[in-house]
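Content type mmCIF, C-alpha atoms and all ligand atoms, from the file final03.cif:
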```cif
data_run
loop_
_atom_site.label_atom_id
_atom_site.label_comp_id
_atom_site.auth_asym_id
_atom_site.auth_seq_id
_atom_site.Cartn_x
_atom_site.Cartn_y
_atom_site.Cartn_z
CA MET A 1 18.77 90.32 290.77
CA LYS A 2 17.20 90.55 287.31
CA ILE A 3 14.67 92.98 285.92
CA LEU A 4 13.01 92.54 282.55
CA LEU A 5 12.31 96.06 281.28
CA ALA A 6 9.74 96.12 278.49
CA GLN A 7 9.01 99.62 277.22
CA THR A 8 8.00 101.05 273.86
CA ASN A 9 8.81 104.67 274.58
CA HIS A 10 12.56 105.11 274.46
CA LYS A 11 12.58 108.33 276.46
CA LEU A 12 10.48 106.82 279.21
CA LYS A 13 12.70 103.73 279.23
CA ASP A 14 15.73 105.96 279.75
CA ARG A 15 14.07 107.61 282.71
CA LEU A 16 13.38 104.23 284.31
CA ASN A 17 16.95 103.15 283.57
CA LEU A 18 18.17 106.34 285.22
CA TYR A 19 16.32 105.30 288.36
CA LEU A 20 17.52 101.70 288.13
CA ASP A 21 21.13 102.87 287.70
CA ASN A 22 20.82 104.68 291.02
CA LEU A 23 19.46 101.85 293.14
CA PRO A 24 21.62 101.14 296.19
CA THR A 25 22.22 97.66 294.83
CA SER A 26 23.17 96.52 291.35
CA VAL A 27 20.57 94.93 289.15
CA GLU A 28 20.82 93.22 285.80
CA VAL A 29 18.42 94.85 283.38
CA ILE A 30 17.26 92.99 280.28
CA GLU A 31 15.51 95.27 277.82
CA THR A 32 12.99 94.80 275.07
CA SER A 33 10.55 96.97 273.17
CA ASP A 34 8.65 94.08 271.64
CA ILE A 35 5.76 92.40 273.40
CA SER A 36 6.28 88.94 271.94
CA GLN A 37 9.99 89.18 272.74
CA MET A 38 9.04 90.00 276.33
CA LYS A 39 7.32 86.61 276.54
CA ASP A 40 10.26 84.83 274.90
CA LEU A 41 12.78 86.44 277.25
CA LEU A 42 10.73 85.50 280.25
CA GLU A 43 10.80 81.92 279.06
CA GLN A 44 14.49 81.87 278.16
CA ILE A 45 16.07 83.72 281.07
CA MET A 46 16.00 82.02 284.43
CA GLY A 47 15.44 83.89 287.65
CA ILE A 48 13.81 87.13 286.57
CA ASP A 49 12.65 88.94 289.72
CA ILE A 50 10.62 91.76 288.25
CA VAL A 51 8.89 92.35 284.93
CA LEU A 52 8.60 96.11 284.52
CA THR A 53 6.36 96.77 281.55
CA CYS A 54 4.41 99.66 280.13
CA HIS A 55 0.76 99.32 279.23
CA GLU A 56 -0.57 101.42 276.38
CA ASN A 57 -3.93 100.49 274.99
CA SER A 58 -3.73 99.07 271.48
CA SER A 59 0.05 99.44 271.09
CA PHE A 60 1.73 97.61 273.97
CA GLU A 61 -0.59 95.93 276.42
CA GLY A 62 2.02 94.86 278.92
CA MET A 63 -0.49 94.04 281.64
CA LYS A 64 -1.62 91.03 279.59
CA ILE A 65 1.51 89.23 280.73
CA ALA A 66 -0.19 88.92 284.14
CA SER A 67 -2.03 85.75 283.15
CA SER A 68 1.22 83.95 282.25
CA LEU A 69 2.86 85.17 285.44
CA LEU A 70 -0.05 83.81 287.39
CA LYS A 71 0.30 80.36 285.85
CA ASP A 72 3.98 79.85 285.15
CA TYR A 73 6.28 82.31 286.90
CA ASP A 74 6.87 83.63 290.37
CA CYS A 75 8.21 87.08 289.50
CA ASP A 76 6.64 90.39 290.44
CA LEU A 77 4.90 92.54 287.87
CA VAL A 78 5.22 96.32 287.79
CA VAL A 79 3.06 98.01 285.18
CA ASN A 80 3.64 101.65 284.29
CA THR A 81 0.86 103.44 282.46
CA GLU A 82 -1.05 106.67 282.00
CA GLU A 83 -4.31 104.85 281.53
CA ASN A 84 -7.00 103.78 283.91
CA LEU A 85 -6.87 100.02 283.69
CA GLU A 86 -9.23 99.09 286.48
CA GLY A 87 -12.18 97.18 285.08
CA SER A 88 -10.25 96.02 282.01
CA LEU A 89 -10.11 92.34 281.18
CA GLU A 90 -6.41 91.94 281.99
CA TYR A 91 -6.83 93.77 285.31
CA LYS A 92 -8.45 90.68 286.82
CA SER A 93 -5.36 88.52 286.28
CA PHE A 94 -3.22 91.41 287.41
CA GLU A 95 -5.14 91.71 290.66
CA ALA A 96 -4.97 87.97 291.17
CA LEU A 97 -1.20 88.29 291.47
CA ASN A 98 -1.92 89.97 294.83
CA GLU A 99 1.25 91.23 296.47
CA ARG A 100 3.20 90.51 293.27
CA SER A 101 1.30 93.17 291.28
CA HIS A 102 2.21 96.86 291.32
CA LEU A 103 0.79 99.71 289.30
CA ILE A 104 2.69 102.95 288.81
CA GLN A 105 2.20 106.08 286.74
CA ASN A 106 4.59 106.86 283.89
CA ASP A 107 5.75 109.98 285.71
CA VAL A 108 6.50 108.17 288.97
CA ASN A 109 9.14 109.98 290.98
CA CYS A 110 12.45 108.46 291.84
CA GLU A 111 11.92 107.99 295.54
CA THR A 112 8.59 106.20 295.09
CA PHE A 113 10.09 104.02 292.38
CA HIS A 114 13.15 103.13 294.43
CA ASN A 115 11.06 102.29 297.47
CA LEU A 116 8.81 100.08 295.39
CA VAL A 117 11.68 98.14 293.80
CA LEU A 118 13.55 97.84 297.09
CA ASP A 119 10.45 96.58 298.89
CA ILE A 120 9.97 93.93 296.21
CA LEU A 121 13.59 92.88 296.44
CA LYS A 122 13.48 92.81 300.24
CA ARG A 123 10.49 90.52 300.14
CA ARG A 124 11.87 88.28 297.44
CA LYS A 125 15.47 88.04 298.50
CA ASP A 126 15.06 88.56 302.19
CA LEU A 127 17.59 91.36 302.05
CA SER A 128 17.45 94.74 303.61
CA PHE A 129 18.09 97.89 301.62
CA GLU A 130 17.23 101.38 302.59
CA TYR A 131 16.43 104.22 300.28
CA THR A 132 19.46 106.47 300.59
CA GLU A 133 19.58 110.17 299.95
CA GLU A 134 22.82 110.56 298.04
CA GLU A 135 24.42 113.91 297.32
CA TYR A 136 25.08 113.03 293.68
CA ARG A 137 23.19 110.81 291.29
CA LYS A 138 24.65 109.13 288.25
CA VAL A 139 23.46 109.71 284.71
CA ARG A 140 24.59 107.73 281.66
CA LEU A 141 26.88 109.92 279.60
CA ILE A 142 25.10 108.85 276.42
CA TYR A 143 21.95 110.64 277.63
CA PHE A 144 23.79 113.93 277.18
CA LEU A 145 24.19 113.24 273.46
CA ARG A 146 20.57 114.05 272.77
CA CYS A 147 20.91 117.77 273.56
CA ASN A 148 23.62 120.38 273.72
CA LYS A 149 22.56 122.43 276.70
CA VAL A 150 22.49 121.46 280.36
CA LEU A 151 19.74 122.58 282.69
CA CYS A 152 21.75 121.86 285.83
CA ASP A 153 25.38 121.52 286.88
CA VAL A 154 27.09 118.31 285.77
CA TYR A 155 30.03 116.57 287.46
CA ILE A 156 32.49 113.77 286.99
CA LYS A 157 33.40 111.50 289.85
CA LEU A 158 37.07 111.28 290.74
CA SER A 159 36.69 109.25 293.92
CA GLU A 160 33.99 108.35 296.45
CA GLU A 161 34.48 111.76 298.01
CA LYS A 162 35.49 113.92 295.11
CA TYR A 163 33.33 115.23 292.28
CA ILE A 164 34.36 117.93 289.83
CA LYS A 165 31.98 120.20 287.99
CA ILE A 166 32.50 119.94 284.23
CA LEU A 167 29.42 121.74 282.94
CA LYS A 168 27.46 124.43 284.64
CA LYS A 169 23.77 125.12 284.35
CA GLY A 170 22.96 126.75 281.00
CA ASP A 171 26.23 125.73 279.31
CA ILE A 172 26.14 124.75 275.65
CA TYR A 173 28.46 121.82 275.02
CA THR A 174 29.72 120.03 271.91
CA ARG A 175 30.12 116.37 271.04
CA ASP A 176 33.87 116.76 271.57
CA ASP A 177 33.30 117.96 275.14
CA LEU A 178 31.68 114.59 275.85
CA GLN A 179 33.97 112.48 273.68
CA LYS A 180 37.01 113.30 275.79
CA TYR A 181 35.33 111.53 278.72
CA ARG A 182 34.03 108.69 276.62
CA GLU A 183 37.53 108.03 275.34
CA LYS A 184 38.57 107.57 278.96
CA LYS A 185 35.81 104.95 279.21
CA ILE A 186 33.74 107.13 281.52
CA LYS A 187 30.16 105.87 281.24
CA PHE A 188 28.48 108.00 283.89
CA LEU A 189 28.35 111.69 284.70
CA TYR A 190 26.71 113.01 287.88
CA VAL A 191 24.12 115.58 288.85
CA GLN A 192 23.25 116.79 292.32
CA SER A 193 20.36 115.03 294.01
CA GLU A 194 18.31 118.21 294.15
CA ASP A 195 18.41 118.38 290.32
CA TYR A 196 17.93 114.69 289.75
CA GLU A 197 14.14 114.47 289.78
CA GLU A 198 13.81 117.26 287.27
CA PHE A 199 16.58 115.76 285.18
CA GLY A 200 14.69 112.45 285.05
CA ALA A 201 11.46 114.19 284.08
CA GLY A 202 13.32 116.08 281.34
CA LEU A 203 14.76 112.83 280.03
CA SER A 204 11.31 111.45 279.34
CA LYS A 205 9.84 114.69 277.94
CA THR A 206 12.48 116.89 276.32
CA PRO A 207 12.80 116.47 272.56
CA PHE A 208 16.21 115.63 271.13
CA LEU A 209 18.19 118.46 269.55
CA ILE A 210 17.70 116.82 266.15
CA GLU A 211 13.93 117.30 266.54
CA ASP A 212 14.29 121.09 266.55
CA LYS A 213 13.08 122.17 263.12
CA ASN A 214 14.66 125.60 263.60
CA LEU A 215 18.01 124.20 264.63
CA ASP A 216 20.90 126.58 264.06
CA PRO A 217 22.95 125.12 261.13
CA LYS A 218 26.10 125.29 263.23
CA TYR A 219 24.68 122.59 265.52
CA VAL A 220 23.39 120.29 262.77
CA GLU A 221 26.55 118.26 262.30
CA ASP A 222 26.90 117.42 266.00
CA ALA A 223 23.18 116.75 266.25
CA ILE A 224 23.28 114.26 263.37
CA ILE A 225 26.40 112.45 264.53
CA ASN A 226 25.05 112.27 268.09
CA THR A 227 21.74 110.96 266.82
CA LEU A 228 23.50 108.30 264.77
CA ASP A 229 25.39 107.37 267.91
CA ILE A 230 22.17 107.02 269.92
CA VAL A 231 20.41 105.19 267.09
CA HIS A 232 23.30 102.72 266.89
CA GLU A 233 22.67 101.78 270.49
CA MET A 234 18.91 101.66 270.00
CA VAL A 235 19.26 99.28 267.05
CA SER A 236 21.59 96.98 268.95
CA GLU A 237 19.05 96.87 271.81
CA SER A 238 15.77 96.66 269.94
CA GLY A 239 16.26 96.63 266.15
CA VAL A 240 14.85 99.18 263.73
CA THR A 241 11.90 100.43 265.79
CA ASP A 242 9.52 103.28 264.97
CA GLU A 243 11.50 105.46 267.35
CA VAL A 244 14.69 104.77 265.40
CA ILE A 245 12.84 105.75 262.22
CA ASN A 246 11.54 108.87 263.88
CA LEU A 247 15.08 110.00 264.73
CA VAL A 248 16.37 109.05 261.28
CA ASP A 249 13.53 111.07 259.77
CA TYR A 250 14.47 114.17 261.75
CA SER A 251 18.11 113.70 260.71
CA VAL A 252 17.08 113.44 257.07
CA TYR A 253 15.12 116.67 257.47
CA GLN A 254 18.16 118.45 258.91
CA ILE A 255 20.42 117.12 256.13
CA GLU A 256 18.01 118.38 253.47
CA ASN A 257 17.85 121.73 255.17
CA THR A 258 21.58 122.33 255.19
CA LEU A 259 22.29 121.12 251.65
CA GLU A 260 21.80 124.58 250.21
CA ASP A 261 24.46 125.99 252.49
CA ASP A 262 27.51 126.67 250.29
CA ARG A 263 29.93 126.49 253.17
CA ILE A 264 28.96 122.99 254.16
CA LEU A 265 31.52 121.21 251.98
CA SER A 266 34.56 123.03 253.28
CA ARG A 267 33.23 122.78 256.82
CA LEU A 268 32.62 119.08 256.39
CA LEU A 269 36.09 118.39 255.05
CA ALA A 270 37.76 120.49 257.74
CA SER A 271 35.86 119.03 260.66
CA PHE A 272 36.06 115.38 259.61
CA LYS A 273 39.79 115.37 259.13
CA ASP A 274 40.60 114.31 262.69
CA ARG A 275 37.44 112.45 263.51
CA LYS A 276 37.73 108.92 264.76
CA ASP A 277 34.42 107.21 264.41
CA TYR A 278 34.33 106.10 260.80
CA LEU A 279 30.91 104.46 261.12
CA LEU A 280 29.12 107.60 262.25
CA ASP A 281 31.12 110.14 260.28
CA HIS A 282 31.06 108.39 256.95
CA SER A 283 27.31 107.76 257.24
CA TYR A 284 26.74 111.48 257.55
CA MET A 285 29.07 112.27 254.68
CA VAL A 286 27.49 109.65 252.41
CA ALA A 287 24.11 111.26 253.17
CA TYR A 288 25.53 114.62 252.17
CA PHE A 289 27.29 113.47 249.00
CA SER A 290 24.56 111.11 247.78
CA ASN A 291 22.15 114.04 248.04
CA SER A 292 24.59 116.32 246.23
CA VAL A 293 25.15 113.77 243.46
CA CYS A 294 21.41 113.31 243.07
CA SER A 295 20.82 117.08 242.92
CA ASN A 296 23.32 117.21 240.08
CA MET A 297 21.64 114.51 238.02
CA ASP A 298 18.60 114.90 235.84
CA TRP A 299 16.30 112.72 237.93
CA ASP A 300 16.55 114.62 241.17
CA SER A 301 13.48 114.57 243.40
CA GLU A 302 12.79 115.07 247.07
CA GLU A 303 11.54 111.52 247.32
CA ILE A 304 14.72 110.03 245.86
CA ARG A 305 16.93 112.16 248.07
CA LYS A 306 14.99 111.03 251.09
CA LYS A 307 15.59 107.37 250.23
CA LEU A 308 19.31 108.06 249.89
CA SER A 309 19.50 109.88 253.22
CA TYR A 310 17.61 107.11 254.97
CA ALA A 311 19.98 104.51 253.55
CA ALA A 312 23.01 106.60 254.53
CA MET A 313 21.83 106.88 258.10
CA LEU A 314 20.89 103.21 258.37
CA GLN A 315 23.66 101.52 256.35
CA ASP A 316 25.97 100.37 259.15
CA LEU A 317 23.72 100.34 262.18
CA THR A 318 24.35 96.67 262.89
CA LEU A 319 28.12 97.20 263.10
CA ALA A 320 30.05 98.09 266.20
CA ASP A 321 33.70 98.34 265.18
CA PRO A 322 34.58 101.48 263.20
CA GLU A 323 38.21 100.39 262.71
CA LEU A 324 37.24 97.10 261.11
CA ALA A 325 34.73 98.83 258.83
CA MET A 326 37.31 101.36 257.74
CA ALA A 327 40.01 98.74 257.20
CA VAL A 328 37.81 96.63 254.93
CA ASN A 329 36.21 99.52 253.06
CA LEU A 330 39.53 101.18 252.37
CA GLN A 331 41.36 97.85 252.02
CA THR A 332 44.11 99.09 254.32
CA ALA A 333 47.05 97.12 255.74
CA ASP A 334 45.13 96.92 259.06
CA MET A 335 42.94 94.22 257.52
CA VAL A 336 45.53 91.63 258.62
CA ASN A 337 44.57 92.40 262.23
CA TYR A 338 41.20 90.75 261.73
CA THR A 339 40.29 87.11 261.43
CA ASP A 340 38.46 85.69 258.43
CA GLU A 341 35.39 85.22 260.66
CA GLN A 342 35.40 88.88 261.69
CA ILE A 343 35.67 89.99 258.08
CA ALA A 344 32.98 87.54 256.98
CA TYR A 345 30.69 88.87 259.72
CA TYR A 346 31.40 92.41 258.59
CA LYS A 347 30.56 91.45 255.03
CA SER A 348 27.18 90.14 256.12
CA HIS A 349 26.02 93.54 257.38
CA PRO A 350 24.24 94.59 254.17
CA GLN A 351 21.91 91.58 254.49
CA GLN A 352 21.47 92.11 258.23
CA ILE A 353 20.37 95.71 257.99
CA CYS A 354 18.27 94.97 254.90
CA GLU A 355 16.36 92.28 256.83
CA LEU A 356 15.81 94.57 259.84
CA VAL A 357 14.54 97.34 257.63
CA LYS A 358 12.11 95.05 255.82
CA LYS A 359 10.36 94.44 259.13
CA ASN A 360 9.47 98.12 259.46
CA ASN A 361 6.84 99.32 257.03
CA LYS A 362 7.45 103.01 257.72
CA ILE A 363 10.74 103.04 255.81
CA PRO A 364 10.49 104.44 252.26
CA LEU A 365 10.42 101.91 249.43
CA ASN A 366 13.74 100.85 247.86
CA VAL A 367 15.80 101.75 250.94
CA ASP A 368 16.21 98.02 251.62
CA GLU A 369 17.59 97.52 248.09
CA ILE A 370 20.12 100.36 248.55
CA LEU A 371 21.19 98.86 251.87
CA LEU A 372 21.63 95.40 250.39
CA SER A 373 23.71 96.84 247.54
CA HIS A 374 25.75 99.52 249.26
CA HIS A 375 29.02 97.56 249.05
CA GLU A 376 28.70 96.50 245.42
CA LYS A 377 31.44 97.68 243.07
CA PRO A 378 31.59 98.73 239.39
CA GLU A 379 34.05 95.87 238.76
CA GLY A 380 31.31 93.42 239.76
CA ASN A 381 33.27 92.03 242.70
CA GLY A 382 31.52 93.75 245.59
CA PHE A 383 29.55 92.05 248.35
CA PRO A 384 27.16 90.38 248.99
CA ARG A 385 25.89 89.75 245.46
CA ALA A 386 28.82 90.80 243.20
CA LEU A 387 26.40 92.68 240.95
CA SER A 388 27.64 93.90 237.59
CA SER A 389 27.43 97.59 236.76
CA HIS A 390 24.28 96.89 234.74
CA ARG A 391 22.55 94.85 237.44
CA VAL A 392 22.91 97.41 240.21
CA THR A 393 19.94 99.81 240.22
CA GLN A 394 20.36 103.45 239.31
CA LEU A 395 19.39 104.49 242.82
CA SER A 396 21.88 102.14 244.48
CA ALA A 397 24.54 103.30 242.02
CA VAL A 398 24.09 106.92 243.22
CA PHE A 399 24.66 105.72 246.75
CA ILE A 400 27.69 103.61 245.85
CA VAL A 401 29.33 106.47 243.93
CA ALA A 402 28.88 108.77 246.94
CA HIS A 403 30.11 106.04 249.30
CA SER A 404 33.23 105.43 247.20
CA PHE A 405 33.91 109.14 247.00
CA VAL A 406 33.76 109.43 250.79
CA ASP A 407 36.12 106.47 251.17
CA GLU A 408 38.49 108.18 248.73
CA LEU A 409 38.35 111.30 250.90
CA TYR A 410 39.42 109.18 253.85
CA ARG A 411 42.24 107.74 251.76
CA GLU A 412 43.45 111.25 250.93
CA GLU A 413 42.91 112.47 254.49
CA PHE A 414 40.33 115.04 253.48
CA ASP A 415 42.76 117.09 251.46
CA LEU A 416 40.61 119.27 249.21
CA ASP A 417 43.51 119.62 246.79
CA LYS A 418 43.27 115.89 246.09
CA VAL A 419 39.66 115.96 244.90
CA SER A 420 40.64 116.21 241.22
CA THR A 421 42.98 113.21 241.62
CA ILE A 422 40.19 111.28 243.33
CA LEU A 423 37.70 112.08 240.59
CA ALA A 424 40.19 111.10 237.89
CA ARG A 425 40.77 107.79 239.64
CA MET A 426 37.05 107.21 240.06
CA LYS A 427 36.37 108.08 236.44
CA LYS A 428 38.28 104.98 235.35
CA ARG A 429 36.15 102.78 237.57
CA PHE A 430 32.70 104.33 237.43
CA SER A 431 32.27 105.25 233.75
CA THR A 432 30.23 102.13 233.18
CA GLY A 433 26.66 100.84 233.25
CA ASN A 434 24.36 102.41 235.81
CA TYR A 435 27.27 104.13 237.54
CA GLN A 436 27.86 106.48 234.62
CA LYS A 437 25.09 108.99 235.34
CA PRO A 438 25.73 109.23 239.07
CA PHE A 439 29.43 109.64 238.38
CA ASP A 440 28.64 112.49 235.98
CA GLY A 441 26.50 113.95 238.78
CA LEU A 442 29.47 113.75 241.14
CA MET A 443 31.63 115.52 238.57
CA ASN A 444 28.99 118.25 238.35
CA VAL A 445 29.15 118.75 242.12
CA PHE A 446 32.72 119.89 241.71
CA LYS A 447 32.48 121.36 238.21
CA LYS A 448 32.41 124.93 239.41
CA THR A 449 35.54 124.69 241.48
CA ILE A 450 37.70 121.90 240.13
CA THR A 451 38.93 120.87 236.69
CA VAL A 452 39.42 117.14 236.33
CA GLY A 453 41.90 115.75 233.85
CA SER A 454 40.59 113.01 231.59
FE FE A 501 28.35 99.42 255.07
#
```

In structure tokens, write the structure found in this file.
Amino acid sequence: MKILLAQTNHKLKDRLNLYLDNLPTSVEVIETSDISQMKDLLEQIMGIDIVLTCHENSSFEGMKIASSLLKDYDCDLVVNTEENLEGSLEYKSFEALNERSHLIQNDVNCETFHNLVLDILKRRKDLSFEYTEEEYRKVRLIYFLRCNKVLCDVYIKLSEEKYIKILKKGDIYTRDDLQKYREKKIKFLYVQSEDYEEFGAGLSKTPFLIEDKNLDPKYVEDAIINTLDIVHEMVSESGVTDEVINLVDYSVYQIENTLEDDRILSRLLASFKDRKDYLLDHSYMVAYFSNSVCSNMDWDSEEIRKKLSYAAMLQDLTLADPELAMAVNLQTADMVNYTDEQIAYYKSHPQQICELVKKNNKIPLNVDEILLSHHEKPEGNGFPRALSSHRVTQLSAVFIVAHSFVDELYREEFDLDKVSTILARMKKRFSTGNYQKPFDGLMNVFKKTITVGS
């Protein structure tokens, strides 16, 4: 059974997915947030049973698909909306679908939604399902990454009969609290049925932690890494959407806000020592260091720092394998574990993310150029364009210096005592062309605390 889920609002989509995950039968859900892609998917994928689309006037008029369904397809159409669509032009085709057309409100409750979907499936597949009142309902673990406080008790499932409470109502949890379950490949946590409806409503309405402009600095690091984690998934599902940009923008705001904090460097180095996800962690650190380098150069401006933070957050969003990224970036012995094709694919990621970003006009200017250049090297043998130190732009050079510094930190396992050695090593490479000024900026970051031999 296949459902094509076309939604523009990510939070609302998650709520619907929460309901779909808890149907008493498994369904294959194909997602899109793009109206023209919805039409393409419908054409390409055989046997779609239900198109479940939102309808928002002027931004995503999902109901318009009704006319194609009428002519060319036999699937059912469920439209979720907050608008009154009766009397609109598309409503006529929608109505003409008769028993295949269903209109629901965005805040539909779970039971109504389940009954609707099950009734459709019963009619289409001639199967009989009943709405079942379970004691526990499953919730994707990744949904818990958006906040750090639970509003109801949360469980893990050990067996059909046995559930264990892991978080109690009101608990504040950290990323690590969740990671230990993710490392065991646990994809779902559970809440009690009585809390489920409210949980679903919260999912579509509650802002992410990163959106809290008064966020306590001690939560910023987790909030940024978790947001990067979520954004990674969003990009793999739907590309660089406005919602991705919105979350990146909040992250950039939080980064800017904590830069003044003197303790951040030591905290950063201490906490990243044992971290495993290179893709997420190094993105955050590159954001931090590219901002620091820029602040220590003579062309610092809020606008420039924003471009750097955006690029740092976006740089590796098309990649999925942190080990491969780390092996190639640090040129470690692990590189032999990967095929030439895997490495070639990895090396194409600057172009991939650059192309995705170009499609979104809300991203600050020049971010695409930084992204395309972020693996160039001062020796002129980087990828994809092997730019010389004079061809790379000043802005990209700031980013590359910060990126290289972070990779050096990984090489030295975040040992603060090695920073002077790192800077001495980098000095030999980066005292050239457009890298010179950013490298001087990097030296200034550490000038107060560290003396670097020449
Ligand atoms: Fe990269």

- Query: Got a sec: who's within 7 Å of Pro350 in chain A, counting only C-alpha atoms, leaving out chain neighbours fewer than 3 positions off, as a ChimeraX atom specification?
  - Reply: /A:353-354,371-372

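Every polymer residue reaching to within 8 Å of (16.0, 98.9, 299.5), counting all atoms listed in the file, appears in this list: Leu23, Pro24, Thr25, His114, Asn115, Val117, Leu118, Asp119, Leu121, Lys122, Ser128, Phe129, Glu130 and Tyr131 of chain A.
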
Atoms kept (C-alpha atoms) for selection, written as a compact mmCIF listing (two decimals), in the coordinates of the input:
```txt
# COMPACT_ATOMS: atom_id res chain seq x y z
CA LEU A 23 19.46 101.85 293.14
CA PRO A 24 21.62 101.14 296.19
CA THR A 25 22.22 97.66 294.83
CA HIS A 114 13.15 103.13 294.43
CA ASN A 115 11.06 102.29 297.47
CA VAL A 117 11.68 98.14 293.80
CA LEU A 118 13.55 97.84 297.09
CA ASP A 119 10.45 96.58 298.89
CA LEU A 121 13.59 92.88 296.44
CA LYS A 122 13.48 92.81 300.24
CA SER A 128 17.45 94.74 303.61
CA PHE A 129 18.09 97.89 301.62
CA GLU A 130 17.23 101.38 302.59
CA TYR A 131 16.43 104.22 300.28
```

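Between ligand FE 501 (chain A) and the residues A:Leu317, A:Val401, A:Val406, A:Leu151, the shortest atom-to-atom distance, using only C-alpha atoms and all ligand atoms, involves A:Leu317.
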
- Message: Using only C-alpha atoms and all ligand atoms, which residues have at least one atom no more than 7 Å from ligand FE 501 (chain A)? Output them as JSON, numbers by chain.
- Response: {"A": [315, 316, 349, 350, 374, 375]}

- Item | Neighbour list for Asn444 in chain A as a list in words, cut-off 9 Å, all atoms listed in the file, skip fewer than 6 positions in-chain | Val293, Asn296 and Met297 of chain A

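Of the residues under consideration (A:Glu56, A:Asp107, A:Glu31, A:Asp21), A:Asp107 shows the shortest atom-to-atom contact distance to Glu198 in chain A when counting only C-alpha atoms.
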
- Can you tell me how far CA of Phe272 in chain A sits from CA of Ser295 in chain A, in Å to one decimal? 22.7 Å

- For Lys276 in chain A: contacts at 12 Å, only C-alpha atoms, fewer than 2 positions along chain excluded, given as an MDAnalysis selection string: chainID A and resid 176 179:180 183 225 271:274 278:282 321:323 326 410

Those same residues, written as a short mmCIF file (atom, residue, chain, number, x, y, z; two decimals), in the frame of the given file with C-alpha atoms?
```cif
data_model
loop_
_atom_site.label_atom_id
_atom_site.label_comp_id
_atom_site.auth_asym_id
_atom_site.auth_seq_id
_atom_site.Cartn_x
_atom_site.Cartn_y
_atom_site.Cartn_z
CA ASP A 176 33.87 116.76 271.57
CA GLN A 179 33.97 112.48 273.68
CA LYS A 180 37.01 113.30 275.79
CA GLU A 183 37.53 108.03 275.34
CA ILE A 225 26.40 112.45 264.53
CA SER A 271 35.86 119.03 260.66
CA PHE A 272 36.06 115.38 259.61
CA LYS A 273 39.79 115.37 259.13
CA ASP A 274 40.60 114.31 262.69
CA TYR A 278 34.33 106.10 260.80
CA LEU A 279 30.91 104.46 261.12
CA LEU A 280 29.12 107.60 262.25
CA ASP A 281 31.12 110.14 260.28
CA HIS A 282 31.06 108.39 256.95
CA ASP A 321 33.70 98.34 265.18
CA PRO A 322 34.58 101.48 263.20
CA GLU A 323 38.21 100.39 262.71
CA MET A 326 37.31 101.36 257.74
CA TYR A 410 39.42 109.18 253.85
#
```

- For Phe188 in chain A, the closest of A:Asn291, A:Asn22, A:Ser59, A:Asn148 counting all atoms listed in the file is A:Asn22

- Task: For Val248 in chain A, please output as a PyMOL selection string all residues within 12 Å (counting all atoms listed in the file; exclusion window: fewer than 2 positions along the same chain).
- Result: chain A and resi 208+210-211+223-232+234-235+240-246+250-255+283-284+287+306-315+317+362-364

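Across the model, the gap from CA of Cys75 in chain A to CA of Leu42 in chain A is 9.7 Å.
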
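Taking CA of Lys138 in chain A as the reference point, CA of Lys11 in chain A is found at 16.9 Å.
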
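Every protein, DNA or RNA residue with an atom at most 9 Å from Lys168 in chain A, where only C-alpha atoms count and chain neighbours fewer than 6 positions away do not, is listed here: Val150, Leu151, Cys152, Asp153, Val154 and Tyr155 of chain A.
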
- Query: What would the list of residues within 10 Å of (40.4, 115.1, 254.0) (file frame) look like as a ChimeraX atom specification, if only C-alpha atoms are what count?
  - Reply: /A:266,268-274,406,408-419

Exercise on range 408-422 of chain A, axis-aligned box with 8 Å per side, report centre and edge lengths in Å to one decimal, as AutoDock Vina command-line options:
```
--center_x 40.9 --center_y 113.7 --center_z 247.9 --size_x 21.2 --size_y 27.9 --size_z 29.3
```

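Nearest-residue note for Glu86 in chain A: choosing from A:Lys437, A:Ser204, A:Ser68, A:Met63, the minimum distance belongs to A:Met63, counting only C-alpha atoms.
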
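If you measure from each of A:Arg15, A:Lys447, A:His403, A:Arg275 to Thr206 in chain A using all atoms listed in the file, the closest one turns out to be A:Arg15.
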
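You can rank A:Asn214, A:Gln37, A:Ser193, A:Thr53 by their closest distance to Glu133 in chain A using all atoms listed in the file, and at the top of that list sits A:Ser193.
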